[in-house]
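What follows is one structure encoded as structure tokens, with my remarks underneath.
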Amino acid sequence: MSTRENRQFKLKSRPVGMVKRSDFEYVTSPAGEPGPGEVLVRVLYLSLDPAMRGWMNAGRSYIAPVGIGEVMRAGGIGRVVASKDASVAVGDTVAGMTGVQDYAILPASTVTKVDPRLAPLPRYLGALGMPGLTAYFGLLDIGKPQAGETVVVSAAAGAVGAVVGQIAKIKGCRVVGIAGGPEKCAYVVDELGFDAAVDYKKEDVQAALAKHAPKGIDVYFDNVGGAILDSVLALLAMRARVIICGAISQYNNPELIQGPRNYLSLLVNHALMEGFVVFHYAARYPEGMQALAGWAAQGKLKAREDVVEGLETFPDTLQKLFRGENFGKLVIKVADEG
Ligand code: NAP
């Protein structure tokens, strides 16, 4: 029998406003053994995503809420330490919904093998994982960017936004990023090759965007919602496409969320606004992964991860996303790769 100890964060109460440590119970129990068709995974890295905040709320969404007393849901990368399924071997490195814990017992059919030789493992949780696929399908399927058009993306230095801007550049667009602070703005222009950046914490967003997008905004990839969405709506070009990917400025809002006030700009400009959830593209993930990996291999897709050490930091590390304290894809390192 295994003597592996499994530290877990279980949801204790539904957060009101910003998520807190006291919303979780931090417990240790034996890791257990996989049953037929299952694998036991030693978690190495955990993905911290803004969506986690929504998963803690009761009510209907695109996925069931995490139940009170359940291990907090999270994507992760880990190593298989026991397997009762012929398709997955001990020693394989896999991605899956591991949860916020040291060890996860998962159906073998739900894990995906990743190659540790091709990229650093945290990248499979960022540009080469769910956020990269979100950028790929949201921008290309809904935004349909054409060469010469102006594309604007918010949370531009983050996991999704950084990939959006680089794909838009690959497609021949003019790209303007919106990010918080001079370091992130310099990063998207100097390192990622965006044409311009707007520091929403310092600048008048609408005035700055009007300067950088003199012919109007053809495609807006919205990660933040709120006031920034309204500023962009005021500057749409004819036949613009607005992609609603996320609204992080509203996730901790305990009141009614702030919706778009400038939506009549859609009418005036014959524009379209469409939301999406990346999971609906699951059947096309191989296509997206191939494209992202290809661009990365050609040096056209750069990525940055913000790796925080220690499972025990989970609730505090999650808060970084909502304070803009992460720089790149936010990941917790749970254990050495060995
Ligand atoms: P991220 O951008 O790596 O991190 C979040 C960033 O959001 C922060 O670093 C911060 O950057 C910015 N932010 C936080 N609070 C803000 C506020 N009040 N106003 C403006 N910006 C704020 O996170 P990510 O994983 O790439 O996710 C980005 C968005 O995509 C989120 O809304 C997420 O929910 C969404 N998403 C959607 C899907 C889907 O299927 N639809 C899938 C994945 C992610 P600054 O320092 O620049 O403020």
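Every chain in the structure tokens has a letter given in the order shown (A, B, ...), and although residue numbers restart at 1 in each chain, ligands are simply numbered from 1 in the order shown.
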- List every residue of range 101-231 of chain A that DSSP, applied to the backbone of this structure, assigns to alpha helix (DSSP H), and report them as an MDAnalysis selection string. chainID A and resid 130:137 159:170 182:186 205:212 226:231
Take the residues just selected and output them with N, CA and C atoms as a compact mmCIF listing (two decimals), in the first residue's frame.
# COMPACT_ATOMS: atom_id res chain seq x y z
N MET A 130 -4.02 25.39 -22.44
CA MET A 130 -5.37 25.97 -22.53
C MET A 130 -5.36 27.47 -22.89
N PRO A 131 -4.52 28.31 -22.25
CA PRO A 131 -4.56 29.73 -22.63
C PRO A 131 -4.15 29.97 -24.08
N GLY A 132 -3.16 29.24 -24.57
CA GLY A 132 -2.74 29.37 -25.97
C GLY A 132 -3.87 28.98 -26.91
N LEU A 133 -4.56 27.90 -26.58
CA LEU A 133 -5.69 27.45 -27.41
C LEU A 133 -6.84 28.47 -27.37
N THR A 134 -7.02 29.09 -26.22
CA THR A 134 -8.06 30.12 -26.08
C THR A 134 -7.76 31.29 -27.04
N ALA A 135 -6.51 31.71 -27.04
CA ALA A 135 -6.10 32.80 -27.94
C ALA A 135 -6.31 32.38 -29.39
N TYR A 136 -5.88 31.19 -29.71
CA TYR A 136 -5.92 30.70 -31.10
C TYR A 136 -7.35 30.65 -31.64
N PHE A 137 -8.23 29.97 -30.91
CA PHE A 137 -9.60 29.78 -31.43
C PHE A 137 -10.41 31.08 -31.33
N ALA A 159 -1.30 35.38 -19.95
CA ALA A 159 -1.18 34.09 -20.62
C ALA A 159 -1.92 34.08 -21.96
N VAL A 160 -3.16 34.54 -21.97
CA VAL A 160 -3.95 34.54 -23.21
C VAL A 160 -3.55 35.72 -24.09
N GLY A 161 -3.52 36.92 -23.49
CA GLY A 161 -3.31 38.15 -24.26
C GLY A 161 -2.00 38.15 -25.04
N ALA A 162 -0.94 37.65 -24.43
CA ALA A 162 0.36 37.65 -25.12
C ALA A 162 0.32 36.80 -26.38
N VAL A 163 -0.42 35.70 -26.33
CA VAL A 163 -0.52 34.82 -27.51
C VAL A 163 -1.42 35.46 -28.56
N VAL A 164 -2.51 36.09 -28.11
CA VAL A 164 -3.41 36.77 -29.05
C VAL A 164 -2.63 37.77 -29.90
N GLY A 165 -1.86 38.63 -29.22
CA GLY A 165 -1.13 39.69 -29.93
C GLY A 165 -0.12 39.12 -30.91
N GLN A 166 0.55 38.05 -30.52
CA GLN A 166 1.58 37.48 -31.41
C GLN A 166 0.93 36.78 -32.62
N ILE A 167 -0.20 36.13 -32.41
CA ILE A 167 -0.88 35.51 -33.57
C ILE A 167 -1.36 36.62 -34.52
N ALA A 168 -1.87 37.70 -33.95
CA ALA A 168 -2.35 38.81 -34.79
C ALA A 168 -1.19 39.39 -35.61
N LYS A 169 -0.01 39.46 -35.01
CA LYS A 169 1.17 39.93 -35.77
C LYS A 169 1.50 38.94 -36.88
N ILE A 170 1.45 37.66 -36.57
CA ILE A 170 1.73 36.63 -37.59
C ILE A 170 0.76 36.80 -38.78
N PRO A 182 4.33 50.12 -16.67
CA PRO A 182 5.32 50.32 -17.74
C PRO A 182 6.09 49.05 -18.12
N GLU A 183 6.35 48.17 -17.14
CA GLU A 183 7.13 46.96 -17.46
C GLU A 183 6.38 46.05 -18.42
N LYS A 184 5.10 45.85 -18.13
CA LYS A 184 4.29 44.97 -19.00
C LYS A 184 4.12 45.61 -20.38
N CYS A 185 3.95 46.94 -20.41
CA CYS A 185 3.79 47.62 -21.71
C CYS A 185 5.07 47.50 -22.53
N ALA A 186 6.22 47.68 -21.87
CA ALA A 186 7.49 47.56 -22.59
C ALA A 186 7.68 46.14 -23.09
N VAL A 205 -7.42 55.64 -21.45
CA VAL A 205 -7.40 54.51 -22.40
C VAL A 205 -7.99 54.91 -23.75
N GLN A 206 -9.11 55.59 -23.71
CA GLN A 206 -9.78 55.92 -24.97
C GLN A 206 -8.92 56.89 -25.81
N ALA A 207 -8.34 57.88 -25.16
CA ALA A 207 -7.51 58.84 -25.90
C ALA A 207 -6.27 58.14 -26.47
N ALA A 208 -5.66 57.27 -25.68
CA ALA A 208 -4.45 56.59 -26.14
C ALA A 208 -4.77 55.63 -27.29
N LEU A 209 -5.90 54.93 -27.17
CA LEU A 209 -6.27 54.00 -28.26
C LEU A 209 -6.60 54.77 -29.54
N ALA A 210 -7.25 55.92 -29.39
CA ALA A 210 -7.58 56.72 -30.57
C ALA A 210 -6.31 57.12 -31.31
N LYS A 211 -5.26 57.37 -30.54
CA LYS A 211 -3.97 57.76 -31.15
C LYS A 211 -3.32 56.55 -31.86
N HIS A 212 -3.38 55.39 -31.20
CA HIS A 212 -2.70 54.20 -31.77
C HIS A 212 -3.54 53.48 -32.82
N GLY A 226 -15.69 45.64 -18.20
CA GLY A 226 -15.74 46.89 -17.46
C GLY A 226 -15.48 48.13 -18.30
N ALA A 227 -14.79 49.09 -17.69
CA ALA A 227 -14.59 50.40 -18.33
C ALA A 227 -13.74 50.29 -19.60
N ILE A 228 -12.80 49.35 -19.62
CA ILE A 228 -11.92 49.23 -20.80
C ILE A 228 -12.73 48.76 -22.01
N LEU A 229 -13.66 47.85 -21.80
CA LEU A 229 -14.53 47.41 -22.90
C LEU A 229 -15.29 48.61 -23.47
N ASP A 230 -15.80 49.46 -22.60
CA ASP A 230 -16.53 50.64 -23.08
C ASP A 230 -15.64 51.58 -23.89
N SER A 231 -14.40 51.75 -23.45
CA SER A 231 -13.47 52.63 -24.19
C SER A 231 -13.24 52.09 -25.59
Please identify all protein, DNA and RNA residues within 7 Å of ligand 1, counting only C-alpha atoms and all ligand atoms, and report them as a PDB file with C-alpha atoms, in the first residue's frame.
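As a result, part27.pdb now contains:
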ATOM      1  CA  ASP A  49      -6.538  30.692 -13.872  1.00  0.00           C
ATOM      2  CA  PRO A  50      -8.914  33.637 -13.464  1.00  0.00           C
ATOM      3  CA  ALA A  51     -11.739  31.188 -14.240  1.00  0.00           C
ATOM      4  CA  MET A 130      -5.368  25.970 -22.535  1.00  0.00           C
ATOM      5  CA  PRO A 131      -4.556  29.731 -22.630  1.00  0.00           C
ATOM      6  CA  THR A 134      -8.059  30.123 -26.084  1.00  0.00           C
ATOM      7  CA  ALA A 155      -4.537  41.834 -20.271  1.00  0.00           C
ATOM      8  CA  ALA A 156      -1.992  41.877 -23.081  1.00  0.00           C
ATOM      9  CA  ALA A 157       1.030  40.678 -21.091  1.00  0.00           C
ATOM     10  CA  GLY A 158      -0.889  37.729 -19.625  1.00  0.00           C
ATOM     11  CA  ALA A 159      -1.184  34.093 -20.620  1.00  0.00           C
ATOM     12  CA  VAL A 160      -3.952  34.536 -23.207  1.00  0.00           C
ATOM     13  CA  GLY A 161      -3.307  38.146 -24.259  1.00  0.00           C
ATOM     14  CA  ILE A 178      -3.575  47.199 -23.055  1.00  0.00           C
ATOM     15  CA  ALA A 179      -1.730  46.296 -19.848  1.00  0.00           C
ATOM     16  CA  GLY A 180      -1.074  47.568 -16.334  1.00  0.00           C
ATOM     17  CA  GLY A 181       2.263  49.286 -15.732  1.00  0.00           C
ATOM     18  CA  LYS A 184       4.293  44.971 -19.002  1.00  0.00           C
ATOM     19  CA  ASN A 223     -10.086  39.777 -21.372  1.00  0.00           C
ATOM     20  CA  VAL A 224     -11.141  42.365 -18.822  1.00  0.00           C
ATOM     21  CA  CYS A 245     -13.095  35.970 -23.760  1.00  0.00           C
ATOM     22  CA  GLY A 246     -13.204  37.128 -20.150  1.00  0.00           C
ATOM     23  CA  ALA A 247     -14.020  39.982 -17.794  1.00  0.00           C
ATOM     24  CA  ILE A 248     -11.452  39.748 -15.017  1.00  0.00           C
ATOM     25  CA  SER A 249     -12.222  43.281 -13.783  1.00  0.00           C
ATOM     26  CA  GLN A 250     -15.658  41.983 -12.752  1.00  0.00           C
ATOM     27  CA  PHE A 276     -16.907  31.752 -26.329  1.00  0.00           C
ATOM     28  CA  VAL A 277     -15.494  29.073 -24.013  1.00  0.00           C
ATOM     29  CA  VAL A 278     -12.380  27.281 -25.209  1.00  0.00           C
ATOM     30  CA  PHE A 279     -13.693  23.847 -24.107  1.00  0.00           C
ATOM     31  CA  LEU A 321      -4.114  37.335 -10.878  1.00  0.00           C
ATOM     32  CA  PHE A 322      -6.723  39.802  -9.675  1.00  0.00           C
ATOM     33  CA  ARG A 323      -4.133  42.312  -8.502  1.00  0.00           C
ATOM     34  CA  GLY A 324      -2.179  42.148 -11.746  1.00  0.00           C
ATOM     35  CA  GLU A 325       0.857  40.892  -9.802  1.00  0.00           C
ATOM     36  CA  ASN A 326       1.549  37.988 -12.170  1.00  0.00           C
ATOM     37  CA  PHE A 327       3.829  38.632 -15.133  1.00  0.00           C
ATOM     38  CA  GLY A 328       3.119  35.842 -17.607  1.00  0.00           C
ATOM     39  CA  LYS A 329       1.250  32.588 -17.107  1.00  0.00           C
ATOM     40  CA  LEU A 330       0.788  32.048 -13.355  1.00  0.00           C
TER      41      LEU A 330
END
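Take the candidates A:Val114, A:Ala104, A:Ala74, A:Val219 and check each one against Val331 in chain A using only C-alpha atoms; the shortest distance goes to A:Ala74.
The nearest approach to Leu192 in chain A among the residues A:Lys215, A:Lys300, A:Lys171, A:Lys10, with only C-alpha atoms taken into account, belongs to A:Lys300.
In terms of minimum interatomic distance to Leu139 in chain A, A:Val151 ranks closest within A:Val151, A:Leu311, A:Ala64, A:Leu48, counting only C-alpha atoms.
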- Item | Per-residue DSSP, range 59-303 of chain A, filtered to strand (DSSP E or B), as a ChimeraX atom specification | /A:71,76-83,93-96,101,103-107,112-113,150-154,174-179,196-199,217-222,236-244,272-275
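Counting from CA of Ser13 in chain A, the distance to CA of Pro315 in chain A is 13.0 Å.
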- Query: Got a sec: who's within 9 Å of Met72 in chain A, counting only C-alpha atoms, leaving out chain neighbours fewer than 2 positions off, as an NGL selection string?
  - Reply: :A and (8-11 or 24 or 52 or 55-56 or 66-67 or 69-70 or 74 or 99-101)
- Message: Env of range 27-34 of chain A: 10 Å cut, atoms = only C-alpha atoms, seq-sep filter 4 positions within chain, self excluded. Answer as a VMD selection string.
- Response: chain A and resid 1 to 10 38 to 42 71 81 to 85 101 to 108
